[in-house]
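Enquirer: What follows is a structure written as structure tokens; I'll ask about it next.
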Amino acid sequence: MLVLENVHTHYGKIEALHGVSVEVKKGEIVSLIGANGAGKTTLLMTVCGSPQASSGRVILEGRDITNEPTSQIMRSGISIVPEGRRVFSGLTVEENLHMGGFFNTKAEIRKSQDHVYDLFPRLKEREHQRAGTMSGGEQQMLAIGRALMSKPRMIILDEPSLGLAPIVIQQIFEIIGQLREEGITVFLVEQNAHQALNLADRGYVLETGRIRLHDTGKNLLANPDVRNAYLGG
Amino acid sequence: MAAQNLKHALFCAFITVIIAYPILGLNLVAEGTSVKLEGANTATVVNVFLAAVAVFLFQVFRDNIMGVFGKVPNLNPLAKRGPVPQEKRLLMERVFFVAIILLALIWPFIVSRGAVDLATLVLIYIMLALGLNVVVGLAGLLDLGYVAFYAVGAYTFALLSQYFGISFWLALPIGALLAALFGFVLGFPVLRLRGDYLAIVTLGFGEIIRILLNNWTSLTGGPNGIGGIPDPTLFGMEFGRRVKEEGNVSFHETFGIAYSGEHKVIFLYLIALVLAIFTLLVIRRFMRMPVGRAWEALREDEIAARSLGMSRTAVKLSAFTIGAFFAGFAGTVFASKQGFISPESFVFLESAIILAIVVLGGMGSQVGVILAAIAVTILPELAREFSEYRMLIFGAAMVLMMVWRPQGLLPMRRIQIELKEQG
């Protein structure tokens, strides 16, 4: 589904990714974990083409998207839930969702909207409320719902548990599991390593711009190095 | 507390004196070849002193006075009314809109020629402000060189009429399209810029256009400007006393009425009115279309908007181009109204005034921007007597507005449905 081959990414002269190779297969949940500044978000942004990889290749469903503009990539069956939610706080929940289906027809929007409300009944209750007035968990649900509006085959989540209460995090991860059952491929970036690896089919550990470890989620959870570094021993 | 109040009040009174005395009291008197400074007469000194005392007293008892004001219950009786039902509100809006247009239509026939002229200027500013509102208010791109597009529109008409004898009606779309093209071209280099940097580049662009017009003497006449710009015609009918162009007839002869200079002024006003309404409706339409929502989305959160597949390039360029298009429109009307244009009319101050109108009116709000355009154009005319202090008053008004109503006169309201309370 998504393949990164030996990707290098630079911010100006500083290299943030030193040759990263990652593969996400169709229908999988793949987690990427790593400490602050390891380059997790950079990796995701490279997939989205902002910044573009300075060398290596990014391949989405067999198509080389390394040098495609962001707007093009984001319209080809892939969706991202950006870090820190970034809902349009002045718009209502419904309007936010409509922005997610910006390039779809009205009928398609209606259908995906009903689907999102099925997944998140809470959003249905708040349909006409301004997004900025909702709680963090609700905003995260909205951000995920908005990303689903374009009917993506693959969804990328950047730290969906950031700043949320444990019970809400639990809900969010349940929803992510549900997405897999619908056949959506999930690429998850998390600091909350325990939850992320528990849910994932496979996981990657990123350290200072390099992939350190790569294994199934269960194995990584059991790995003593991972336990020491990311799970608090 | 009291001591501090007293100190503050003394300071305010002192400031009052040192500002008011030189402005009101000192006079420059010409005596032969030299200029002499003359002090104030007694009456002025007494007045300034009384004013200082008034300021002092107000500041000393400020808390008490403001307290009394605070106790006045419910200054605005409309503040607490419930939301009006959707259909009723739409109907009210429509009735209000039609009433305003009707008033604007009969306006030139009941007031003096000067007032009609001023109203035409107001309409030109309304067009400019509505156009800039797209760029600044909706797309959130701070453009300090907007007057450049206005100049492009005006000069397009002036040059086309001078060299090719093209009429107003043909020059109108050409001027607007050329201005739009300039907006499009300027859009490219500034796409990557944000905030302050964008403002500086657009400011530079505005100056480049003005300086170019000033120095390209062979084409534009430089500081001498271009004169003899023809008036618009009504289906080939001219408004002058004598017909200038071969084949045209004059308006007053066709209808068999006496010649009057007012016909032309009124006609120009009506053209400006129609174009202003056209601008209003087209931009209103844009705001409700996907591109309008994309402008706002990009302004609210660029990363989120891009993550949804919106192209930053296309969205920003469209805002710049559409904004510039209407500035070109306004420029053509302006050139026709003045009959003479020079780079003097397109200085940075014009950009600043248009921007001030947008900010005063409330970013993104069309009604607010129209009200602000009227206020900003008419108030200086009404305050002719204080014309030397116009900019001072203007600046003070801006500061006060920003302190009391930073969101503008009538901030933009999104169309939304009110939730009914359950129970």
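Chain labels A, B, ... are given in the sequence in which chains occur in the structure tokens; within each chain residues are numbered consecutively from 1, and ligands are likewise numbered from 1 in the order shown.
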Any idea which chain A residues end up within 9 Å of chain B if we count only C-alpha atoms, as a PyMOL selection string please?

Expert: chain A and resi 48+69-76+79-82+85-92+99-103+128-129+146-147+150

Enquirer: Determine, counting only C-alpha atoms, which protein, DNA and RNA residues have an atom within 8 Å of an atom of Leu17 (chain A); residues of the same chain fewer than 5 positions away are not included. Present the result as a PyMOL selection string.

Expert: chain A and resi 7-10+39+42-43+208-210

Enquirer: Find the residues near region 192-198 of chain B: any atom within 12 Å, counting only C-alpha atoms, skip ones fewer than 3 places away on the same chain, and give them as an MDAnalysis selection string.

Expert: chainID B and resid 135:136 139:145 186:189 201:205 298:299 302 312:313 316:317

Enquirer: Enumerate as an MDAnalysis selection string all residues of region 57-220 of chain A assigned to alpha helix (DSSP H) by DSSP on the backbone, naming them with the chain letters and numbers the document uses.

Expert: chainID A and resid 70:73 93:100 106:119 121:125 136:148 166:181 193:199 217:220

Enquirer: Env of region 155-166 of chain A: 10 Å cut, atoms = only C-alpha atoms, seq-sep filter 2 positions within chain, self excluded. Answer as a CSV table (one decimal) with N, CA, C and O atoms, in the first residue's frame.

Expert:
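File produced: part-v9.csv:
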```
chain,number,residue,atom,x,y,z
A,29,ILE,N,-2.6,-2.5,10.5
A,29,ILE,CA,-2.3,-1.3,11.3
A,29,ILE,C,-0.8,-1.3,11.6
A,29,ILE,O,-0.3,-2.3,12.1
A,30,VAL,N,-0.1,-0.3,11.2
A,30,VAL,CA,1.3,-0.3,11.5
A,30,VAL,C,1.5,0.9,12.4
A,30,VAL,O,1.1,2.0,12.1
A,31,SER,N,2.3,0.7,13.5
A,31,SER,CA,2.6,1.8,14.4
A,31,SER,C,4.0,2.2,14.3
A,31,SER,O,4.9,1.4,14.1
A,32,LEU,N,4.2,3.5,14.4
A,32,LEU,CA,5.6,4.0,14.4
A,32,LEU,C,5.8,4.7,15.8
A,32,LEU,O,5.0,5.6,16.1
A,33,ILE,N,6.7,4.2,16.5
A,33,ILE,CA,6.9,4.8,17.8
A,33,ILE,C,8.3,5.4,17.9
A,33,ILE,O,9.2,5.0,17.1
A,40,LYS,N,9.4,11.4,13.8
A,40,LYS,CA,8.1,10.7,13.4
A,40,LYS,C,7.2,11.6,12.6
A,40,LYS,O,6.7,11.1,11.5
A,41,THR,N,7.0,12.8,13.0
A,41,THR,CA,6.2,13.7,12.3
A,41,THR,C,6.8,14.0,10.9
A,41,THR,O,6.1,14.1,9.9
A,44,LEU,N,5.9,11.4,8.5
A,44,LEU,CA,4.6,11.5,8.0
A,44,LEU,C,4.5,12.6,7.0
A,44,LEU,O,3.8,12.5,5.9
A,45,MET,N,5.1,13.8,7.3
A,45,MET,CA,5.0,14.9,6.4
A,45,MET,C,5.7,14.6,5.1
A,45,MET,O,5.3,15.1,4.0
A,47,VAL,N,5.7,11.7,3.6
A,47,VAL,CA,4.7,11.0,2.9
A,47,VAL,C,3.7,12.0,2.2
A,47,VAL,O,3.3,11.8,1.0
A,48,CYS,N,3.3,13.0,2.9
A,48,CYS,CA,2.4,14.0,2.4
A,48,CYS,C,3.0,15.0,1.4
A,48,CYS,O,2.3,15.8,0.9
A,77,GLY,N,-6.7,9.0,-2.2
A,77,GLY,CA,-7.1,7.9,-1.4
A,77,GLY,C,-6.4,7.8,-0.1
A,77,GLY,O,-6.4,6.7,0.6
A,78,ILE,N,-5.6,8.8,0.3
A,78,ILE,CA,-4.9,8.8,1.6
A,78,ILE,C,-5.4,10.0,2.3
A,78,ILE,O,-5.7,11.1,1.8
A,79,SER,N,-5.5,9.9,3.7
A,79,SER,CA,-5.9,11.0,4.5
A,79,SER,C,-5.0,11.1,5.7
A,79,SER,O,-4.5,10.1,6.2
A,80,ILE,N,-4.9,12.3,6.2
A,80,ILE,CA,-4.1,12.4,7.4
A,80,ILE,C,-4.8,13.1,8.5
A,80,ILE,O,-5.6,14.1,8.2
A,81,VAL,N,-4.7,12.7,9.7
A,81,VAL,CA,-5.2,13.4,10.9
A,81,VAL,C,-4.0,14.1,11.5
A,81,VAL,O,-3.2,13.5,12.1
A,82,PRO,N,-3.8,15.4,11.3
A,82,PRO,CA,-2.6,16.0,11.7
A,82,PRO,C,-2.4,16.1,13.2
A,82,PRO,O,-3.4,16.0,13.9
A,83,GLU,N,-1.2,16.3,13.6
A,83,GLU,CA,-0.9,16.4,15.0
A,83,GLU,C,-1.6,17.6,15.6
A,83,GLU,O,-1.7,18.6,15.0
A,84,GLY,N,-2.1,17.4,16.8
A,84,GLY,CA,-2.8,18.5,17.5
A,84,GLY,C,-4.2,18.8,16.9
A,84,GLY,O,-4.7,19.9,17.0
A,85,ARG,N,-4.8,17.8,16.2
A,85,ARG,CA,-6.2,17.8,15.7
A,85,ARG,C,-6.4,18.8,14.6
A,85,ARG,O,-6.9,18.5,13.6
A,135,SER,N,-14.7,19.5,23.6
A,135,SER,CA,-13.5,19.0,24.4
A,135,SER,C,-12.5,18.4,23.5
A,135,SER,O,-12.7,18.1,22.3
A,136,GLY,N,-11.3,18.2,24.1
A,136,GLY,CA,-10.2,17.7,23.3
A,136,GLY,C,-10.5,16.3,22.6
A,136,GLY,O,-10.2,16.1,21.4
A,137,GLY,N,-11.2,15.4,23.3
A,137,GLY,CA,-11.5,14.1,22.8
A,137,GLY,C,-12.5,14.2,21.6
A,137,GLY,O,-12.3,13.6,20.6
A,138,GLU,N,-13.5,15.1,21.8
A,138,GLU,CA,-14.5,15.3,20.7
A,138,GLU,C,-13.8,15.9,19.5
A,138,GLU,O,-14.1,15.5,18.4
A,140,GLN,N,-10.7,15.4,18.6
A,140,GLN,CA,-10.0,14.4,18.0
A,140,GLN,C,-10.9,13.5,17.2
A,140,GLN,O,-10.5,13.1,16.0
A,141,MET,N,-12.1,13.2,17.7
A,141,MET,CA,-13.0,12.4,16.9
A,141,MET,C,-13.4,13.1,15.7
A,141,MET,O,-13.5,12.5,14.6
A,143,ALA,N,-11.6,15.3,14.1
A,143,ALA,CA,-10.5,15.3,13.2
A,143,ALA,C,-10.4,14.0,12.4
A,143,ALA,O,-10.2,14.0,11.2
A,144,ILE,N,-10.6,12.9,13.1
A,144,ILE,CA,-10.6,11.6,12.4
A,144,ILE,C,-11.8,11.5,11.5
A,144,ILE,O,-11.7,11.1,10.3
A,147,ALA,N,-11.1,13.4,8.4
A,147,ALA,CA,-10.2,12.7,7.5
A,147,ALA,C,-10.9,11.5,6.8
A,147,ALA,O,-10.6,11.2,5.6
A,148,LEU,N,-12.0,11.0,7.4
A,148,LEU,CA,-12.7,9.8,6.8
A,148,LEU,C,-13.6,10.3,5.7
A,148,LEU,O,-14.1,9.5,4.9
A,151,LYS,N,-13.3,9.4,2.0
A,151,LYS,CA,-13.4,7.9,1.8
A,151,LYS,C,-12.0,7.4,1.4
A,151,LYS,O,-11.7,6.8,0.4
A,152,PRO,N,-11.0,7.6,2.4
A,152,PRO,CA,-9.7,7.1,2.1
A,152,PRO,C,-9.5,5.6,2.2
A,152,PRO,O,-10.3,5.0,2.9
A,153,ARG,N,-8.6,5.1,1.4
A,153,ARG,CA,-8.2,3.7,1.6
A,153,ARG,C,-7.2,3.5,2.7
A,153,ARG,O,-7.0,2.4,3.2
A,168,VAL,N,-10.6,8.4,27.2
A,168,VAL,CA,-10.9,8.9,25.8
A,168,VAL,C,-9.9,8.2,24.8
A,168,VAL,O,-10.3,7.8,23.7
A,169,ILE,N,-8.6,8.1,25.3
A,169,ILE,CA,-7.6,7.4,24.5
A,169,ILE,C,-8.1,6.0,24.1
A,169,ILE,O,-8.0,5.5,23.0
A,170,GLN,N,-8.7,5.3,25.2
A,170,GLN,CA,-9.2,4.0,25.0
A,170,GLN,C,-10.3,4.0,23.8
A,170,GLN,O,-10.2,3.2,22.9
A,171,GLN,N,-11.2,5.0,23.9
A,171,GLN,CA,-12.2,5.1,22.8
A,171,GLN,C,-11.6,5.3,21.5
A,171,GLN,O,-12.0,4.6,20.5
A,172,ILE,N,-10.6,6.2,21.4
A,172,ILE,CA,-10.0,6.5,20.1
A,172,ILE,C,-9.4,5.2,19.5
A,172,ILE,O,-9.5,4.9,18.4
A,173,PHE,N,-8.7,4.5,20.4
A,173,PHE,CA,-8.0,3.3,19.9
A,173,PHE,C,-9.0,2.2,19.4
A,173,PHE,O,-8.8,1.5,18.5
A,176,ILE,N,-10.0,3.1,16.1
A,176,ILE,CA,-8.9,2.8,15.1
A,176,ILE,C,-9.0,1.3,14.7
A,176,ILE,O,-8.9,0.9,13.5
A,179,LEU,N,-11.7,0.8,12.3
A,179,LEU,CA,-11.4,1.2,10.9
A,179,LEU,C,-10.7,0.1,10.1
A,179,LEU,O,-11.0,-0.1,9.0
A,180,ARG,N,-9.9,-0.7,10.8
A,180,ARG,CA,-9.2,-1.8,10.2
A,180,ARG,C,-10.2,-2.8,9.7
A,180,ARG,O,-10.2,-3.3,8.6
A,184,ILE,N,-9.8,-0.2,6.1
A,184,ILE,CA,-9.0,0.9,5.9
A,184,ILE,C,-7.6,0.6,6.5
A,184,ILE,O,-7.5,0.1,7.6
A,185,THR,N,-6.5,0.8,5.7
A,185,THR,CA,-5.2,0.7,6.2
A,185,THR,C,-4.8,1.8,7.1
A,185,THR,O,-5.2,3.0,6.8
A,186,VAL,N,-4.2,1.5,8.3
A,186,VAL,CA,-3.9,2.6,9.3
A,186,VAL,C,-2.4,2.6,9.5
A,186,VAL,O,-1.8,1.6,9.7
A,187,PHE,N,-1.9,3.8,9.4
A,187,PHE,CA,-0.5,4.1,9.8
A,187,PHE,C,-0.5,5.0,11.0
A,187,PHE,O,-1.0,6.2,10.9
A,188,LEU,N,-0.1,4.5,12.1
A,188,LEU,CA,-0.3,5.3,13.4
A,188,LEU,C,1.1,5.7,13.9
A,188,LEU,O,2.0,4.9,14.1
A,189,VAL,N,1.2,7.0,14.3
A,189,VAL,CA,2.4,7.5,14.9
A,189,VAL,C,2.0,7.8,16.3
A,189,VAL,O,1.0,8.5,16.6
A,190,GLU,N,2.8,7.3,17.3
A,190,GLU,CA,2.3,7.5,18.7
A,190,GLU,C,3.5,7.6,19.6
A,190,GLU,O,4.6,7.1,19.4
A,191,GLN,N,3.3,8.3,20.7
A,191,GLN,CA,4.3,8.3,21.8
A,191,GLN,C,3.8,7.3,22.8
A,191,GLN,O,4.5,6.8,23.6
A,192,ASN,N,2.5,7.1,22.8
A,192,ASN,CA,1.8,6.2,23.7
A,192,ASN,C,2.1,4.8,23.2
A,192,ASN,O,1.2,4.1,22.6
A,195,GLN,N,-0.2,1.3,24.0
A,195,GLN,CA,-1.5,1.2,23.3
A,195,GLN,C,-1.2,0.9,21.8
A,195,GLN,O,-1.8,0.1,21.2
A,196,ALA,N,-0.3,1.7,21.3
A,196,ALA,CA,-0.1,1.7,19.8
A,196,ALA,C,0.4,0.3,19.4
A,196,ALA,O,0.0,-0.2,18.4
```

Enquirer: Of the candidates B:Ile18, B:Val116, B:Leu273, B:Leu123, which shows the shortest atom-to-atom distance to Thr377 (chain B), using only C-alpha atoms?

Expert: B:Leu123

Enquirer: Which residues come within 12 Å of Val45 (chain B), counting only C-alpha atoms, excluding same-chain residues fewer than 5 positions away, as a VMD selection string?

Expert: chain B and resid 17 to 18 20 to 26 39 to 40 50 to 52

Enquirer: Would you save the residues of that selection, restricted to all heavy atoms, as a tab-separated table (two decimals), in the first residue's frame?

Expert:
```tsv
chain	number	residue	atom	x	y	z
B	17	VAL	N	-3.18	70.42	27.75
B	17	VAL	CA	-2.68	71.77	27.50
B	17	VAL	C	-1.59	71.75	26.41
B	17	VAL	O	-1.65	72.52	25.46
B	17	VAL	CB	-2.11	72.40	28.80
B	17	VAL	CG1	-1.39	73.71	28.49
B	17	VAL	CG2	-3.24	72.64	29.79
B	18	ILE	N	-0.63	70.83	26.56
B	18	ILE	CA	0.48	70.92	25.60
B	18	ILE	C	0.05	70.46	24.21
B	18	ILE	O	0.69	70.81	23.23
B	18	ILE	CB	1.75	70.15	26.06
B	18	ILE	CG1	1.47	68.68	26.25
B	18	ILE	CG2	2.36	70.77	27.28
B	18	ILE	CD1	2.76	67.89	26.42
B	20	ALA	N	-3.31	70.94	23.03
B	20	ALA	CA	-4.32	71.87	22.54
B	20	ALA	C	-3.73	73.26	22.26
B	20	ALA	O	-4.10	73.90	21.29
B	20	ALA	CB	-5.47	71.96	23.54
B	21	TYR	N	-2.80	73.70	23.11
B	21	TYR	CA	-2.34	75.09	22.95
B	21	TYR	C	-1.67	75.34	21.61
B	21	TYR	O	-2.07	76.26	20.89
B	21	TYR	CB	-1.42	75.49	24.12
B	21	TYR	CG	-0.99	76.93	24.01
B	21	TYR	CD1	-1.88	77.96	24.34
B	21	TYR	CD2	0.27	77.27	23.53
B	21	TYR	CE1	-1.52	79.28	24.20
B	21	TYR	CE2	0.64	78.60	23.40
B	21	TYR	CZ	-0.26	79.60	23.73
B	21	TYR	OH	0.10	80.91	23.58
B	22	PRO	N	-0.68	74.53	21.22
B	22	PRO	CA	-0.06	74.81	19.92
B	22	PRO	C	-1.03	74.67	18.76
B	22	PRO	O	-0.99	75.44	17.79
B	22	PRO	CB	1.06	73.77	19.82
B	22	PRO	CG	1.22	73.20	21.16
B	22	PRO	CD	-0.07	73.39	21.88
B	23	ILE	N	-1.91	73.69	18.83
B	23	ILE	CA	-2.82	73.45	17.69
B	23	ILE	C	-3.82	74.59	17.56
B	23	ILE	O	-4.07	75.12	16.48
B	23	ILE	CB	-3.54	72.10	17.86
B	23	ILE	CG1	-2.56	70.95	17.71
B	23	ILE	CG2	-4.67	71.97	16.83
B	23	ILE	CD1	-3.17	69.59	17.81
B	24	LEU	N	-4.43	74.97	18.67
B	24	LEU	CA	-5.49	75.98	18.61
B	24	LEU	C	-4.94	77.40	18.73
B	24	LEU	O	-5.52	78.34	18.20
B	24	LEU	CB	-6.51	75.72	19.72
B	24	LEU	CG	-7.22	74.37	19.64
B	24	LEU	CD1	-8.07	74.14	20.89
B	24	LEU	CD2	-8.09	74.32	18.40
B	25	GLY	N	-3.85	77.53	19.48
B	25	GLY	CA	-3.42	78.87	19.84
B	25	GLY	C	-2.42	79.52	18.90
B	25	GLY	O	-2.51	80.71	18.61
B	26	LEU	N	-1.47	78.76	18.41
B	26	LEU	CA	-0.40	79.38	17.64
B	26	LEU	C	-0.82	79.58	16.18
B	26	LEU	O	-1.39	78.69	15.57
B	26	LEU	CB	0.87	78.52	17.72
B	26	LEU	CG	1.44	78.35	19.13
B	26	LEU	CD1	2.69	77.50	19.08
B	26	LEU	CD2	1.74	79.70	19.76
B	39	GLY	N	1.03	84.44	19.02
B	39	GLY	CA	0.47	83.70	20.15
B	39	GLY	C	-1.05	83.71	20.13
B	39	GLY	O	-1.68	84.34	19.27
B	40	ALA	N	-1.64	82.99	21.05
B	40	ALA	CA	-3.09	82.88	21.08
B	40	ALA	C	-3.72	84.10	21.72
B	40	ALA	O	-3.08	84.79	22.51
B	40	ALA	CB	-3.48	81.64	21.88
B	50	LEU	N	-9.97	75.83	30.36
B	50	LEU	CA	-11.22	75.19	30.78
B	50	LEU	C	-11.24	73.72	30.37
B	50	LEU	O	-11.67	72.84	31.12
B	50	LEU	CB	-12.43	75.92	30.18
B	50	LEU	CG	-12.75	77.26	30.83
B	50	LEU	CD1	-13.93	77.92	30.13
B	50	LEU	CD2	-13.07	77.07	32.32
B	51	ALA	N	-10.74	73.47	29.16
B	51	ALA	CA	-10.71	72.09	28.68
B	51	ALA	C	-9.82	71.24	29.57
B	51	ALA	O	-10.17	70.11	29.93
B	51	ALA	CB	-10.20	72.05	27.24
B	52	ALA	N	-8.67	71.82	29.95
B	52	ALA	CA	-7.75	71.09	30.82
B	52	ALA	C	-8.41	70.79	32.16
B	52	ALA	O	-8.30	69.68	32.70
B	52	ALA	CB	-6.47	71.89	31.02
```

Enquirer: Counting only C-alpha atoms, what is within 12 Å of Ile257 (chain B), bar same-chain residues fewer than 6 positions away, as a list in words?

Expert: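 Non-adjacent residues within range: Phe239, Arg241, Ser250, Phe251 and His263 of chain B.
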
Enquirer: Next, the residues of the selection above should be written as a tab-separated table (two decimals), in the first residue's frame with all heavy atoms.

Expert:
```
chain	number	residue	atom	x	y	z
B	239	PHE	N	-22.65	62.88	-23.04
B	239	PHE	CA	-23.26	63.76	-22.05
B	239	PHE	C	-22.71	65.18	-22.10
B	239	PHE	O	-23.11	66.02	-21.32
B	239	PHE	CB	-23.09	63.16	-20.65
B	239	PHE	CG	-24.04	62.04	-20.40
B	239	PHE	CD1	-23.73	60.76	-20.82
B	239	PHE	CD2	-25.26	62.27	-19.80
B	239	PHE	CE1	-24.62	59.73	-20.62
B	239	PHE	CE2	-26.15	61.25	-19.61
B	239	PHE	CZ	-25.83	59.97	-20.02
B	241	ARG	N	-21.86	69.01	-23.78
B	241	ARG	CA	-22.73	69.97	-24.47
B	241	ARG	C	-22.67	69.74	-25.98
B	241	ARG	O	-23.68	69.73	-26.66
B	241	ARG	CB	-22.30	71.39	-24.15
B	241	ARG	CG	-23.28	72.43	-24.63
B	241	ARG	CD	-22.79	73.82	-24.31
B	241	ARG	NE	-22.87	74.13	-22.88
B	241	ARG	CZ	-23.97	74.59	-22.29
B	241	ARG	NH1	-25.06	74.78	-22.99
B	241	ARG	NH2	-23.98	74.87	-21.02
B	250	SER	N	-25.84	63.55	-28.79
B	250	SER	CA	-25.76	63.94	-27.39
B	250	SER	C	-27.05	63.59	-26.67
B	250	SER	O	-28.13	63.54	-27.27
B	250	SER	CB	-25.46	65.44	-27.28
B	250	SER	OG	-26.57	66.16	-27.72
B	251	PHE	N	-26.91	63.35	-25.39
B	251	PHE	CA	-28.00	62.86	-24.57
B	251	PHE	C	-29.16	63.86	-24.52
B	251	PHE	O	-30.31	63.52	-24.74
B	251	PHE	CB	-27.46	62.58	-23.17
B	251	PHE	CG	-28.48	62.15	-22.18
B	251	PHE	CD1	-28.96	60.85	-22.20
B	251	PHE	CD2	-28.95	63.02	-21.21
B	251	PHE	CE1	-29.90	60.43	-21.28
B	251	PHE	CE2	-29.89	62.61	-20.30
B	251	PHE	CZ	-30.37	61.31	-20.33
B	263	HIS	N	-26.43	65.88	-15.62
B	263	HIS	CA	-26.75	64.59	-16.24
B	263	HIS	C	-25.56	63.65	-16.17
B	263	HIS	O	-25.67	62.48	-15.82
B	263	HIS	CB	-27.16	64.78	-17.72
B	263	HIS	CG	-28.45	65.49	-17.85
B	263	HIS	ND1	-28.83	66.14	-19.00
B	263	HIS	CD2	-29.47	65.66	-16.98
B	263	HIS	CE1	-30.02	66.68	-18.83
B	263	HIS	NE2	-30.43	66.41	-17.62
```
